[in-house]
$ cat upload-v4.txt   # compact mmCIF, C-alpha atoms and all ligand atoms
# COMPACT_ATOMS: atom_id res chain seq x y z
CA MET A 7 18.24 2.40 2.16
CA HIS A 8 21.06 2.28 -0.30
CA HIS A 9 21.43 -0.65 -2.67
CA ASP A 10 24.74 -0.69 -4.39
CA MET A 11 23.92 -2.82 -7.41
CA SER A 12 27.56 -3.56 -8.17
CA LYS A 13 27.90 -5.34 -4.85
CA ILE A 14 24.93 -7.62 -5.25
CA ARG A 15 25.02 -8.29 -8.95
CA GLY A 16 25.69 -11.96 -9.55
CA PHE A 17 23.62 -13.27 -6.69
CA ALA A 18 20.67 -15.47 -7.50
CA ALA A 19 17.60 -13.60 -8.70
CA ILE A 20 15.65 -14.49 -5.61
CA VAL A 21 18.33 -12.94 -3.38
CA LEU A 22 18.34 -9.87 -5.59
CA ALA A 23 14.60 -9.47 -5.26
CA ALA A 24 14.82 -9.82 -1.50
CA VAL A 25 17.57 -7.23 -1.27
CA ILE A 26 15.80 -4.73 -3.49
CA ALA A 27 12.39 -4.96 -1.88
CA PRO A 28 12.58 -2.78 1.21
CA SER A 29 11.13 -4.28 4.34
CA VAL A 30 8.74 -1.87 5.96
CA THR A 31 6.93 -2.58 9.17
CA LEU A 32 3.51 -1.03 9.24
CA ALA A 33 2.05 -0.36 12.61
CA GLU A 34 -1.19 0.80 11.07
CA GLY A 35 -2.41 3.13 8.39
CA GLY A 36 -2.74 1.08 5.25
CA ALA A 37 -4.80 2.21 2.29
CA LYS A 38 -8.16 0.84 1.14
CA ASN A 39 -7.80 2.65 -2.18
CA VAL A 40 -4.60 3.46 -4.07
CA ILE A 41 -4.56 5.89 -7.00
CA LEU A 42 -1.16 5.95 -8.69
CA PHE A 43 -0.54 8.77 -11.18
CA ILE A 44 2.43 8.44 -13.53
CA ALA A 45 3.39 11.25 -15.89
CA ASP A 46 5.60 9.44 -18.37
CA GLY A 47 8.74 11.50 -19.00
CA LEU A 48 8.22 13.79 -16.00
CA GLY A 49 11.08 15.85 -14.61
CA TYR A 50 11.30 18.79 -12.23
CA ASN A 51 11.53 21.25 -15.10
CA HIS A 52 8.43 19.88 -16.84
CA ILE A 53 6.45 20.97 -13.79
CA ILE A 54 8.19 24.33 -13.47
CA ALA A 55 7.69 25.16 -17.16
CA THR A 56 4.01 24.21 -16.85
CA ASN A 57 3.59 26.35 -13.74
CA TYR A 58 5.13 29.39 -15.43
CA TYR A 59 2.93 29.04 -18.52
CA GLN A 60 -0.25 28.16 -16.64
CA HIS A 61 0.06 30.41 -13.59
CA GLY A 62 3.03 32.74 -14.02
CA GLU A 63 4.54 31.37 -10.81
CA ASP A 64 6.05 28.16 -9.48
CA ARG A 65 4.59 25.46 -7.21
CA LYS A 66 0.99 25.88 -8.35
CA GLN A 67 0.16 22.31 -9.43
CA VAL A 68 -2.42 20.68 -7.16
CA TYR A 69 0.01 17.90 -6.28
CA GLU A 70 2.59 20.45 -5.13
CA ASN A 71 0.25 21.64 -2.39
CA GLY A 72 -0.80 19.41 0.50
CA PHE A 73 1.28 16.49 -0.77
CA THR A 74 4.67 15.49 0.63
CA GLN A 75 7.39 15.65 -2.02
CA TYR A 76 10.53 13.55 -2.41
CA PRO A 77 13.13 13.16 -5.15
CA MET A 78 13.12 9.65 -6.66
CA SER A 79 15.78 7.70 -8.56
CA THR A 80 14.62 5.75 -11.63
CA TYR A 81 17.56 3.61 -12.83
CA SER A 82 17.00 0.04 -14.04
CA VAL A 83 18.39 -3.19 -12.55
CA ARG A 84 21.45 -2.68 -14.76
CA GLY A 85 21.80 1.01 -13.90
CA LYS A 86 22.79 3.23 -11.02
CA TYR A 87 22.61 6.82 -9.84
CA GLU A 88 25.67 8.40 -8.25
CA PRO A 89 24.72 11.65 -6.52
CA ASP A 90 28.31 12.60 -5.78
CA ILE A 91 29.24 12.91 -9.45
CA ALA A 92 25.87 13.30 -11.18
CA TRP A 93 25.91 17.10 -11.23
CA GLU A 94 29.59 17.48 -12.08
CA SER A 95 29.27 16.95 -15.82
CA PHE A 96 26.38 17.84 -18.09
CA LEU A 97 26.75 14.46 -19.78
CA TYR A 98 26.06 12.34 -16.69
CA PHE A 99 22.26 12.29 -16.90
CA LYS A 100 22.32 11.26 -20.56
CA VAL A 101 23.93 7.91 -19.81
CA GLY A 102 22.19 4.78 -18.53
CA ALA A 103 18.59 6.00 -18.52
CA SER A 104 15.75 3.57 -17.93
CA ASP A 105 12.58 3.12 -19.99
CA SER A 106 8.86 3.19 -19.31
CA ALA A 107 8.33 -0.57 -19.31
CA GLY A 108 11.02 -1.38 -16.77
CA THR A 109 10.22 1.56 -14.52
CA ALA A 110 6.45 1.01 -14.63
CA THR A 111 7.08 -2.64 -13.75
CA THR A 112 9.18 -1.44 -10.81
CA LEU A 113 6.46 0.94 -9.60
CA ALA A 114 3.90 -1.84 -10.04
CA THR A 115 5.90 -4.55 -8.25
CA GLY A 116 8.72 -3.04 -6.17
CA VAL A 117 11.31 -4.97 -8.18
CA LYS A 118 13.86 -3.41 -10.50
CA THR A 119 14.08 -5.04 -13.90
CA LEU A 120 15.41 -4.60 -17.43
CA ASN A 121 14.40 -1.89 -19.86
CA GLY A 122 11.58 -3.18 -22.04
CA ALA A 123 10.29 -5.69 -19.49
CA ILE A 124 6.51 -5.76 -18.98
CA GLY A 125 5.61 -7.20 -15.56
CA VAL A 126 8.54 -9.63 -15.50
CA ASP A 127 11.83 -9.72 -13.61
CA GLN A 128 15.26 -9.66 -15.23
CA GLY A 129 15.05 -13.43 -15.75
CA GLY A 130 11.72 -13.07 -17.57
CA GLU A 131 9.64 -14.51 -14.74
CA PRO A 132 6.23 -12.93 -14.10
CA LEU A 133 6.09 -10.60 -11.10
CA ARG A 134 3.15 -10.02 -8.77
CA THR A 135 1.87 -6.49 -9.33
CA ILE A 136 -0.03 -4.21 -7.01
CA LEU A 137 -3.13 -4.94 -9.11
CA ASP A 138 -2.63 -8.66 -8.44
CA LYS A 139 -2.56 -7.88 -4.72
CA ALA A 140 -5.70 -5.77 -5.08
CA GLU A 141 -7.42 -8.70 -6.79
CA GLU A 142 -6.37 -11.01 -3.95
CA LEU A 143 -8.02 -8.53 -1.58
CA GLU A 144 -11.16 -8.64 -3.77
CA LYS A 145 -10.79 -5.01 -4.73
CA SER A 146 -11.55 -3.51 -8.12
CA THR A 147 -8.66 -2.75 -10.45
CA GLY A 148 -7.99 -0.52 -13.41
CA VAL A 149 -5.51 1.15 -15.72
CA VAL A 150 -6.00 4.47 -17.51
CA SER A 151 -3.71 6.15 -20.03
CA SER A 152 -3.69 9.04 -22.48
CA VAL A 153 -1.88 6.76 -24.95
CA GLN A 154 -2.64 3.22 -26.16
CA ILE A 155 -4.04 0.86 -23.53
CA GLY A 156 -1.27 -1.68 -24.19
CA HIS A 157 1.55 0.86 -24.05
CA ALA A 158 4.37 0.25 -21.58
CA THR A 159 3.01 1.93 -18.47
CA PRO A 160 -0.53 0.53 -18.25
CA ALA A 161 0.65 -2.82 -19.60
CA SER A 162 3.26 -3.27 -16.87
CA PHE A 163 0.55 -3.31 -14.20
CA VAL A 164 -1.41 -6.07 -15.92
CA ALA A 165 0.45 -8.11 -18.50
CA HIS A 166 3.65 -10.17 -18.49
CA ASN A 167 6.02 -10.15 -21.44
CA LYS A 168 9.77 -9.90 -21.85
CA SER A 169 9.37 -7.21 -24.49
CA ARG A 170 7.15 -4.16 -24.69
CA GLY A 171 7.35 -4.55 -28.46
CA ASN A 172 4.92 -7.48 -28.36
CA VAL A 173 2.06 -5.01 -28.12
CA GLU A 174 -0.57 -7.19 -29.73
CA ASP A 175 -0.10 -10.06 -27.30
CA ILE A 176 0.26 -7.69 -24.33
CA THR A 177 -3.00 -5.94 -25.20
CA ARG A 178 -4.74 -9.25 -25.82
CA GLN A 179 -3.71 -10.40 -22.33
CA MET A 180 -5.18 -7.22 -20.89
CA ILE A 181 -8.51 -7.44 -22.73
CA ALA A 182 -9.05 -11.20 -22.96
CA GLU A 183 -7.41 -12.57 -19.80
CA SER A 184 -7.21 -9.91 -17.09
CA PRO A 185 -9.73 -9.46 -14.25
CA LEU A 186 -9.66 -5.64 -14.38
CA GLU A 187 -12.82 -3.56 -14.16
CA VAL A 188 -11.41 -0.56 -16.06
CA ILE A 189 -9.10 -0.29 -19.07
CA PHE A 190 -9.22 3.23 -20.57
CA GLY A 191 -6.95 4.77 -23.17
CA ALA A 192 -6.33 5.42 -26.83
CA GLY A 193 -5.53 3.05 -29.70
CA HIS A 194 -8.91 2.86 -31.41
CA PRO A 195 -8.33 1.05 -34.74
CA GLU A 196 -11.08 2.91 -36.60
CA PHE A 197 -9.80 6.47 -36.09
CA GLY A 198 -6.74 8.44 -37.14
CA GLU A 199 -4.33 10.75 -35.30
CA SER A 200 -6.77 13.67 -35.34
CA GLY A 201 -9.83 11.58 -34.56
CA GLU A 202 -10.92 11.22 -38.19
CA PRO A 203 -12.51 7.90 -39.24
CA VAL A 204 -10.00 5.82 -41.18
CA ASP A 205 -9.89 2.65 -43.20
CA LYS A 206 -8.71 -0.14 -40.99
CA ASP A 207 -5.54 -2.03 -41.73
CA ASP A 208 -3.88 -4.95 -40.02
CA GLU A 209 -1.45 -2.68 -38.21
CA SER A 210 -4.27 -0.78 -36.52
CA TYR A 211 -5.48 -3.87 -34.62
CA ARG A 212 -2.21 -4.40 -32.76
CA TYR A 213 -3.25 -1.93 -30.09
CA VAL A 214 -6.55 -3.72 -29.40
CA GLY A 215 -4.98 -7.17 -29.13
CA GLY A 216 -5.40 -8.19 -32.77
CA LEU A 217 -8.41 -8.54 -35.08
CA GLU A 218 -9.80 -11.60 -33.31
CA THR A 219 -9.79 -9.85 -29.93
CA TRP A 220 -11.33 -6.74 -31.45
CA GLU A 221 -14.12 -8.72 -33.11
CA ALA A 222 -14.89 -10.36 -29.76
CA VAL A 223 -15.02 -6.92 -28.14
CA ARG A 224 -17.39 -5.68 -30.85
CA ALA A 225 -19.57 -8.78 -30.38
CA GLY A 226 -19.74 -8.16 -26.60
CA LYS A 227 -17.96 -11.44 -25.95
CA ALA A 228 -14.46 -10.40 -24.90
CA GLY A 229 -13.40 -10.64 -21.28
CA ALA A 230 -12.43 -13.19 -18.65
CA ASP A 231 -13.93 -13.75 -15.22
CA ALA A 232 -13.55 -10.51 -13.26
CA ASP A 233 -15.48 -11.26 -10.08
CA GLY A 234 -14.25 -14.76 -9.29
CA ASP A 235 -17.48 -16.68 -9.92
CA GLY A 236 -15.95 -18.70 -12.75
CA GLU A 237 -18.17 -17.14 -15.42
CA PRO A 238 -16.86 -14.73 -18.07
CA ASP A 239 -17.66 -11.07 -17.49
CA PRO A 240 -17.66 -9.45 -20.95
CA TRP A 241 -16.48 -5.86 -21.32
CA THR A 242 -18.86 -3.02 -22.00
CA LEU A 243 -17.20 -0.99 -24.75
CA VAL A 244 -17.24 2.81 -24.52
CA GLU A 245 -15.81 4.61 -27.53
CA SER A 246 -17.00 8.20 -27.51
CA ARG A 247 -16.28 11.25 -25.39
CA ALA A 248 -19.97 11.46 -24.47
CA GLY A 249 -19.82 7.83 -23.39
CA PHE A 250 -16.95 8.58 -21.00
CA GLN A 251 -18.72 11.66 -19.69
CA GLN A 252 -21.81 9.54 -18.94
CA LEU A 253 -19.67 7.24 -16.81
CA MET A 254 -18.58 10.12 -14.59
CA GLU A 255 -21.77 10.02 -12.52
CA GLY A 256 -24.46 7.57 -11.52
CA ASP A 257 -24.65 3.84 -12.09
CA THR A 258 -22.12 2.22 -14.38
CA PRO A 259 -21.56 -1.14 -16.04
CA LYS A 260 -19.46 -3.61 -14.03
CA ARG A 261 -16.49 -3.59 -16.43
CA VAL A 262 -15.68 -0.95 -19.00
CA LEU A 263 -13.18 -1.09 -21.82
CA GLY A 264 -12.92 2.54 -22.88
CA LEU A 265 -11.24 3.45 -26.14
CA ALA A 266 -11.07 7.13 -26.99
CA PRO A 267 -11.93 7.59 -30.68
CA ILE A 268 -8.38 8.33 -31.74
CA ARG A 269 -5.41 6.38 -33.02
CA SER A 270 -2.54 6.72 -30.59
CA SER A 271 -3.02 9.50 -28.03
CA LEU A 272 -5.79 11.82 -26.83
CA GLN A 273 -4.29 15.03 -28.23
CA VAL A 274 -0.52 15.08 -28.69
CA ASN A 275 -0.44 13.81 -32.28
CA ARG A 276 -3.30 15.92 -33.66
CA ASP A 277 -2.46 17.96 -36.74
CA GLY A 278 -0.86 21.26 -35.83
CA VAL A 279 -0.88 24.75 -37.30
CA ASP A 280 2.72 24.30 -38.27
CA ASP A 281 5.69 22.22 -37.21
CA VAL A 282 4.58 21.10 -33.75
CA ARG A 283 8.12 20.62 -32.60
CA GLU A 284 8.92 24.29 -32.72
CA ASP A 285 5.96 26.44 -33.56
CA ASP A 286 2.94 25.24 -31.64
CA ASP A 287 2.44 27.06 -28.36
CA PRO A 288 0.05 25.34 -25.96
CA PHE A 289 -3.50 25.32 -27.35
CA GLN A 290 -2.46 27.30 -30.45
CA THR A 291 -4.00 24.38 -32.32
CA PRO A 292 -7.40 23.88 -30.64
CA LEU A 293 -7.79 20.63 -28.72
CA LEU A 294 -9.87 17.92 -30.41
CA GLU A 295 -13.42 18.06 -29.06
CA THR A 296 -13.86 14.38 -29.88
CA SER A 297 -11.20 13.20 -27.41
CA PRO A 298 -11.99 12.95 -23.71
CA THR A 299 -9.53 14.62 -21.35
CA LEU A 300 -7.39 12.58 -18.97
CA ALA A 301 -9.36 14.28 -16.19
CA GLU A 302 -12.62 12.94 -17.67
CA LEU A 303 -11.13 9.46 -17.99
CA THR A 304 -10.05 9.70 -14.35
CA SER A 305 -13.48 10.72 -13.04
CA ALA A 306 -15.13 8.03 -15.14
CA ALA A 307 -12.69 5.36 -13.99
CA LEU A 308 -13.12 6.19 -10.31
CA ASN A 309 -16.92 6.11 -10.68
CA VAL A 310 -16.72 2.59 -12.13
CA LEU A 311 -14.14 1.36 -9.63
CA ASP A 312 -15.90 2.69 -6.53
CA ASN A 313 -18.82 0.32 -7.05
CA ASN A 314 -16.81 -2.19 -4.99
CA PRO A 315 -17.11 -1.74 -1.18
CA ASN A 316 -13.71 -3.44 -0.73
CA GLY A 317 -11.94 -0.56 -2.49
CA PHE A 318 -9.76 -0.38 -5.57
CA CYS A 319 -6.34 0.19 -7.05
CA VAL A 320 -5.80 2.10 -10.29
CA SER A 321 -2.84 3.42 -12.25
CA ILE A 322 -3.44 6.56 -14.33
CA GLU A 323 -0.85 7.61 -16.86
CA GLY A 324 -0.17 10.90 -18.59
CA GLY A 325 1.56 9.00 -21.35
CA ALA A 326 2.10 11.76 -23.88
CA VAL A 327 4.22 14.00 -21.65
CA ASP A 328 6.95 11.61 -22.76
CA TRP A 329 5.98 11.69 -26.44
CA ALA A 330 5.98 15.49 -26.55
CA SER A 331 9.33 15.50 -24.77
CA HIS A 332 10.86 13.02 -27.24
CA ALA A 333 9.74 15.43 -29.97
CA ASN A 334 11.07 18.41 -27.98
CA ALA A 335 7.60 19.91 -28.47
CA ALA A 336 7.41 22.15 -25.40
CA GLY A 337 3.95 23.53 -26.11
CA ARG A 338 2.45 20.07 -26.46
CA MET A 339 4.31 18.90 -23.37
CA ILE A 340 2.75 21.73 -21.35
CA GLU A 341 -0.72 20.85 -22.68
CA GLU A 342 -0.21 17.28 -21.49
CA MET A 343 1.06 18.41 -18.09
CA ILE A 344 -1.95 20.70 -17.62
CA ASP A 345 -4.33 17.80 -18.36
CA PHE A 346 -2.31 15.56 -16.04
CA GLY A 347 -2.70 18.11 -13.23
CA ALA A 348 -6.44 18.31 -13.91
CA ALA A 349 -6.64 14.52 -13.66
CA VAL A 350 -4.98 14.59 -10.23
CA GLU A 351 -7.41 17.34 -9.22
CA ALA A 352 -10.34 15.16 -10.36
CA ALA A 353 -9.07 12.29 -8.20
CA MET A 354 -8.66 14.61 -5.21
CA ALA A 355 -12.27 15.74 -5.68
CA TRP A 356 -13.35 12.10 -5.75
CA VAL A 357 -11.51 11.46 -2.45
CA GLU A 358 -13.10 14.45 -0.79
CA GLU A 359 -16.62 13.65 -2.01
CA ASN A 360 -16.66 9.87 -1.82
CA SER A 361 -13.84 8.71 0.46
CA SER A 362 -11.29 10.32 2.78
CA TRP A 363 -7.55 10.83 3.05
CA ASP A 364 -7.58 8.30 5.91
CA GLU A 365 -8.44 5.46 3.54
CA THR A 366 -7.17 6.60 0.14
CA LEU A 367 -3.56 7.10 -0.92
CA ILE A 368 -2.69 9.19 -3.98
CA VAL A 369 0.83 8.83 -5.37
CA VAL A 370 1.91 11.21 -8.16
CA THR A 371 5.21 10.65 -9.93
CA GLY A 372 6.84 9.80 -13.25
CA ASP A 373 8.87 6.93 -14.59
CA HIS A 374 11.96 8.79 -15.85
CA GLU A 375 12.74 12.24 -17.16
CA CYS A 376 12.56 12.71 -20.94
CA GLY A 377 14.14 15.42 -23.08
CA TYR A 378 16.74 16.74 -20.63
CA LEU A 379 14.67 19.92 -20.24
CA MET A 380 16.64 22.82 -18.78
CA GLY A 381 16.71 26.60 -18.88
CA PRO A 382 18.12 28.55 -21.83
CA ASP A 383 21.78 27.99 -22.77
CA ALA A 384 22.04 25.15 -20.28
CA ASP A 385 25.03 23.13 -21.41
CA PRO A 386 27.41 23.03 -19.50
CA GLU A 387 25.49 24.70 -16.66
CA HIS A 388 22.16 23.33 -15.40
CA THR A 389 20.41 26.66 -15.84
CA PRO A 390 16.85 27.17 -14.53
CA ILE A 391 13.67 27.54 -16.60
CA VAL A 392 12.87 31.24 -17.11
CA ASN A 393 9.47 32.63 -16.13
CA ASN A 394 8.06 34.86 -18.89
CA GLY A 395 4.68 35.24 -17.20
CA LYS A 396 1.29 33.55 -17.38
CA GLY A 397 0.24 32.52 -20.87
CA LYS A 398 3.76 33.02 -22.22
CA MET A 399 6.14 30.24 -23.13
CA PRO A 400 8.91 30.07 -20.52
CA GLY A 401 12.59 30.16 -21.44
CA TYR A 402 13.83 26.61 -21.91
CA SER A 403 16.15 24.34 -23.88
CA TRP A 404 16.07 20.60 -24.61
CA HIS A 405 19.27 18.54 -24.50
CA SER A 406 18.08 15.10 -25.50
CA THR A 407 15.38 13.47 -27.59
CA SER A 408 15.37 10.54 -25.22
CA HIS A 409 15.23 9.65 -21.52
CA THR A 410 17.67 10.82 -18.86
CA ASN A 411 18.81 9.40 -15.55
CA GLN A 412 17.88 12.43 -13.43
CA LEU A 413 16.07 12.17 -10.14
CA ILE A 414 12.41 13.02 -10.64
CA PRO A 415 9.79 14.24 -8.16
CA LEU A 416 7.38 12.03 -6.19
CA PHE A 417 4.32 13.41 -4.38
CA VAL A 418 2.24 11.47 -1.85
CA LYS A 419 -0.91 12.31 0.10
CA GLY A 420 -3.37 10.33 2.17
CA ALA A 421 -3.43 6.92 3.84
CA GLY A 422 0.11 5.78 4.68
CA ALA A 423 1.79 8.75 2.99
CA GLU A 424 3.93 9.39 6.07
CA LYS A 425 5.63 5.98 5.61
CA PHE A 426 7.58 7.20 2.59
CA GLU A 427 9.79 9.50 4.64
CA ALA A 428 11.83 6.69 6.23
CA LEU A 429 12.84 5.45 2.78
CA ALA A 430 14.20 8.79 1.60
CA ASP A 431 17.62 8.21 3.11
CA GLU A 432 20.06 8.80 0.28
CA GLU A 433 21.37 12.30 -0.30
CA ASP A 434 21.62 14.22 -3.55
CA PRO A 435 23.59 17.49 -3.35
CA VAL A 436 20.94 19.39 -5.36
CA ARG A 437 17.64 17.57 -4.74
CA GLY A 438 18.22 16.47 -1.13
CA LYS A 439 17.22 13.20 0.50
CA TYR A 440 15.79 10.86 -2.11
CA ILE A 441 13.95 7.59 -2.42
CA ASP A 442 14.29 4.88 -5.07
CA ASN A 443 11.46 3.82 -7.39
CA ALA A 444 11.72 0.17 -6.21
CA GLU A 445 11.15 1.36 -2.66
CA VAL A 446 8.14 3.38 -3.80
CA GLY A 447 6.67 0.38 -5.63
CA ALA A 448 7.24 -1.97 -2.70
CA LEU A 449 5.85 0.43 -0.11
CA THR A 450 2.80 1.34 -2.20
CA MET A 451 2.05 -2.37 -2.62
CA GLU A 452 2.50 -2.94 1.11
CA LEU A 453 0.24 -0.02 2.02
CA LEU A 454 -2.63 -1.41 -0.06
CA GLU A 455 -4.65 -3.53 2.36
ZN ZN A 501 9.89 7.67 -23.72

$ encode --input "upload-v4.txt" --output "structure tokens" --more "lines below"
Ligand SMILES: [Zn+2]
Amino acid sequence: MHHDMSKIRGFAAIVLAAVIAPSVTLAEGGAKNVILFIADGLGYNHIIATNYYQHGEDRKQVYENGFTQYPMSTYSVRGKYEPDIAWESFLYFKVGASDSAGTATTLATGVKTLNGAIGVDQGGEPLRTILDKAEELEKSTGVVSSVQIGHATPASFVAHNKSRGNVEDITRQMIAESPLEVIFGAGHPEFGESGEPVDKDDESYRYVGGLETWEAVRAGKAGADADGDGEPDPWTLVESRAGFQQLMEGDTPKRVLGLAPIRSSLQVNRDGVDDVREDDDPFQTPLLETSPTLAELTSAALNVLDNNPNGFCVSIEGGAVDWASHANAAGRMIEEMIDFGAAVEAAMAWVEENSSWDETLIVVTGDHECGYLMGPDADPEHTPIVNNGKGKMPGYSWHSTSHTNQLIPLFVKGAGAEKFEALADEEDPVRGKYIDNAEVGALTMELLE
């Protein structure tokens, strides 16, 4: 359905929310488990470039095979996407892009909001997220990211704050007040950007909710009631790669706060052989052995979450696809996309071994494109990425160090996946019939039952 924001702007917020949230009638076919993958900064060309480097041919990512694919618009409550003029000028996509906080909130709630908003609407009021609904259904809940646990994407599923900049309070809400069973990511205050032990400073505690919260975690006392019995359920802290690997099989603690032993992201900020923006090809600088992969975090998270017979809902973010794209570091971006694909593959293996596609829905998408990645010599033409063969960097060019307003791909498979088709009813001259991210968020929430 098409929502022309200019026509409804000015109505009361409650009317706006009602207009934006699509009404979908489900005959049957809801999902017991929902696994939502978000590659932050993902665009079509990020996938194509990764395919060419990794496989020497296109459409080889696991989520491109056996999933149904749709284009998805990502504009904020103040934005718009106009397919009729979007491709006419090279400049169009650079204007009015959304950000990770607003778009993650939209995917988590079905409601469009302002850039920077964490789990709140454009008036600053807290929104009910899909994890809230999962809790109401007595399911287990989790967030996983390759960047800091309180960064925009994971935070938007759990916390409520008008500004993503209030990271310390956002992360404190997640650790000290939330009922989640799994919070995995980076942001460990005692390690540096290449996993080296560092002297702690006040700044380093922001990403673990402040010193007080961190001391409570260390003392085994942090954590609110997770199972509804009124008693606190303290987090078990995991902070080594071996610790995450142990969680991948067998019995697990009830709740796990997992902090990879690294400052801000699993791999993307590790020291490089040279200037990472231009000279690092994928894996030219060996990956840090001390950081878990996103695939390992995914397997570990699912093994904790599937302890609950009622099912679970989890969001899993490839957060550094965006960071590499901001830096126009194509090699690092491809590394992140390869790990993201491996994480989806790990979740698919979990479904096939422990569940079924009749009861589990996997959604794979992004929040907005980042970097305006195109083929060589793109401006003013939107030239395609050039395939130089497996193991060779493809031909590409970046046209922004920030986000763009392009349509991005969405992939769905499993319980309720067929319901997305009815919402893809707007037409883009290049990408075809597309869906909006608010519709995706609302439908995914509705399918969880
Ligand atoms: Zn970004």

$ residues_near_ligand --input "upload-v4.txt" --ligand "ligand ZN 501 (chain A)" --cutoff "7 Å" --atoms "only C-alpha atoms and all ligand atoms" --output "mmCIF file with C-alpha atoms, in the coordinates of the input"
data_model
loop_
_atom_site.group_PDB
_atom_site.id
_atom_site.type_symbol
_atom_site.label_atom_id
_atom_site.label_comp_id
_atom_site.auth_asym_id
_atom_site.auth_seq_id
_atom_site.Cartn_x
_atom_site.Cartn_y
_atom_site.Cartn_z
ATOM 1 C CA GLY A 47 8.740 11.500 -19.000
ATOM 2 C CA ASP A 105 12.580 3.120 -19.990
ATOM 3 C CA SER A 106 8.860 3.190 -19.310
ATOM 4 C CA ASP A 328 6.950 11.610 -22.760
ATOM 5 C CA TRP A 329 5.980 11.690 -26.440
ATOM 6 C CA HIS A 332 10.860 13.020 -27.240
ATOM 7 C CA CYS A 376 12.560 12.710 -20.940
ATOM 8 C CA SER A 408 15.370 10.540 -25.220
ATOM 9 C CA HIS A 409 15.230 9.650 -21.520
#

$ atom_distance --input "upload-v4.txt" --atom1 "CA of Val370 (chain A)" --atom2 "CA of His52 (chain A)"
13.9 Å

$ axis_aligned_box --input "upload-v4.txt" --around "region 202-213 of chain A" --padding-each-side "5 Å" --output "AutoDock Vina command-line options"
--center_x -7.0 --center_y 3.1 --center_z -36.6 --size_x 21.1 --size_y 26.2 --size_z 23.1

$ closest_residue --input "upload-v4.txt" --among "A:Val173, A:Val101, A:Val357, A:Ala301" --to "Glu323 (chain A)" --atoms "all atoms listed in the file"
A:Ala301

$ atom_distance --input "upload-v4.txt" --atom1 "CA of Gly49 (chain A)" --atom2 "CA of Glu94 (chain A)"
18.8 Å

$ closest_residue --input "upload-v4.txt" --among "A:Thr74, A:Ser162, A:Arg178, A:Ile189" --to "Ala222 (chain A)" --atoms "all atoms listed in the file"
A:Arg178

$ residues_around --input "upload-v4.txt" --residues "Val274 (chain A)" --least-positions-apart "2" --cutoff "8 Å" --atoms "all atoms listed in the file" --output "list in words"
Ser271, Leu272, Arg276, Ala326, Trp329, Ala330, Arg338 and Glu342 of chain A

$ residues_near_point --input "upload-v4.txt" --point "(2.4, -3.7, -4.5)" --cutoff "10 Å" --atoms "all atoms listed in the file" --output "MDAnalysis selection string"
chainID A and resid 112:117 134:140 163 319 446:455

$ write_last_selection --input "upload-v4.txt" --atoms "C-alpha atoms" --output "mmCIF file, keeping the file's coordinate frame"
data_model
loop_
_atom_site.group_PDB
_atom_site.id
_atom_site.type_symbol
_atom_site.label_atom_id
_atom_site.label_comp_id
_atom_site.auth_asym_id
_atom_site.auth_seq_id
_atom_site.Cartn_x
_atom_site.Cartn_y
_atom_site.Cartn_z
ATOM 1 C CA THR A 112 9.180 -1.440 -10.810
ATOM 2 C CA LEU A 113 6.460 0.940 -9.600
ATOM 3 C CA ALA A 114 3.900 -1.840 -10.040
ATOM 4 C CA THR A 115 5.900 -4.550 -8.250
ATOM 5 C CA GLY A 116 8.720 -3.040 -6.170
ATOM 6 C CA VAL A 117 11.310 -4.970 -8.180
ATOM 7 C CA ARG A 134 3.150 -10.020 -8.770
ATOM 8 C CA THR A 135 1.870 -6.490 -9.330
ATOM 9 C CA ILE A 136 -0.030 -4.210 -7.010
ATOM 10 C CA LEU A 137 -3.130 -4.940 -9.110
ATOM 11 C CA ASP A 138 -2.630 -8.660 -8.440
ATOM 12 C CA LYS A 139 -2.560 -7.880 -4.720
ATOM 13 C CA ALA A 140 -5.700 -5.770 -5.080
ATOM 14 C CA PHE A 163 0.550 -3.310 -14.200
ATOM 15 C CA CYS A 319 -6.340 0.190 -7.050
ATOM 16 C CA VAL A 446 8.140 3.380 -3.800
ATOM 17 C CA GLY A 447 6.670 0.380 -5.630
ATOM 18 C CA ALA A 448 7.240 -1.970 -2.700
ATOM 19 C CA LEU A 449 5.850 0.430 -0.110
ATOM 20 C CA THR A 450 2.800 1.340 -2.200
ATOM 21 C CA MET A 451 2.050 -2.370 -2.620
ATOM 22 C CA GLU A 452 2.500 -2.940 1.110
ATOM 23 C CA LEU A 453 0.240 -0.020 2.020
ATOM 24 C CA LEU A 454 -2.630 -1.410 -0.060
ATOM 25 C CA GLU A 455 -4.650 -3.530 2.360
#

$ closest_residue --input "upload-v4.txt" --among "A:Gly216, A:Gly324, A:Pro259, A:Gly317" --to "Thr147 (chain A)" --atoms "all atoms listed in the file"
A:Gly317

$ atom_distance --input "upload-v4.txt" --atom1 "CA of Ala192 (chain A)" --atom2 "CA of Leu293 (chain A)"
15.4 Å

$ closest_residue --input "upload-v4.txt" --among "A:Asn394, A:Ser210, A:Thr159, A:Thr111" --to "Pro195 (chain A)" --atoms "only C-alpha atoms"
A:Ser210

$ closest_residue --input "upload-v4.txt" --among "A:Lys66, A:Arg437, A:Lys419, A:Arg224" --to "Trp93 (chain A)" --atoms "only C-alpha atoms"
A:Arg437

$ residues_near_point --input "upload-v4.txt" --point "(-12.8, -16.7, -15.4)" --cutoff "12 Å" --atoms "only C-alpha atoms" --output "VMD selection string"
chain A and resid 182 to 186 228 to 240

$ closest_residue --input "upload-v4.txt" --among "A:Glu387, A:Asp205, A:Asp46, A:Glu88" --to "Leu413 (chain A)" --atoms "only C-alpha atoms"
A:Glu88
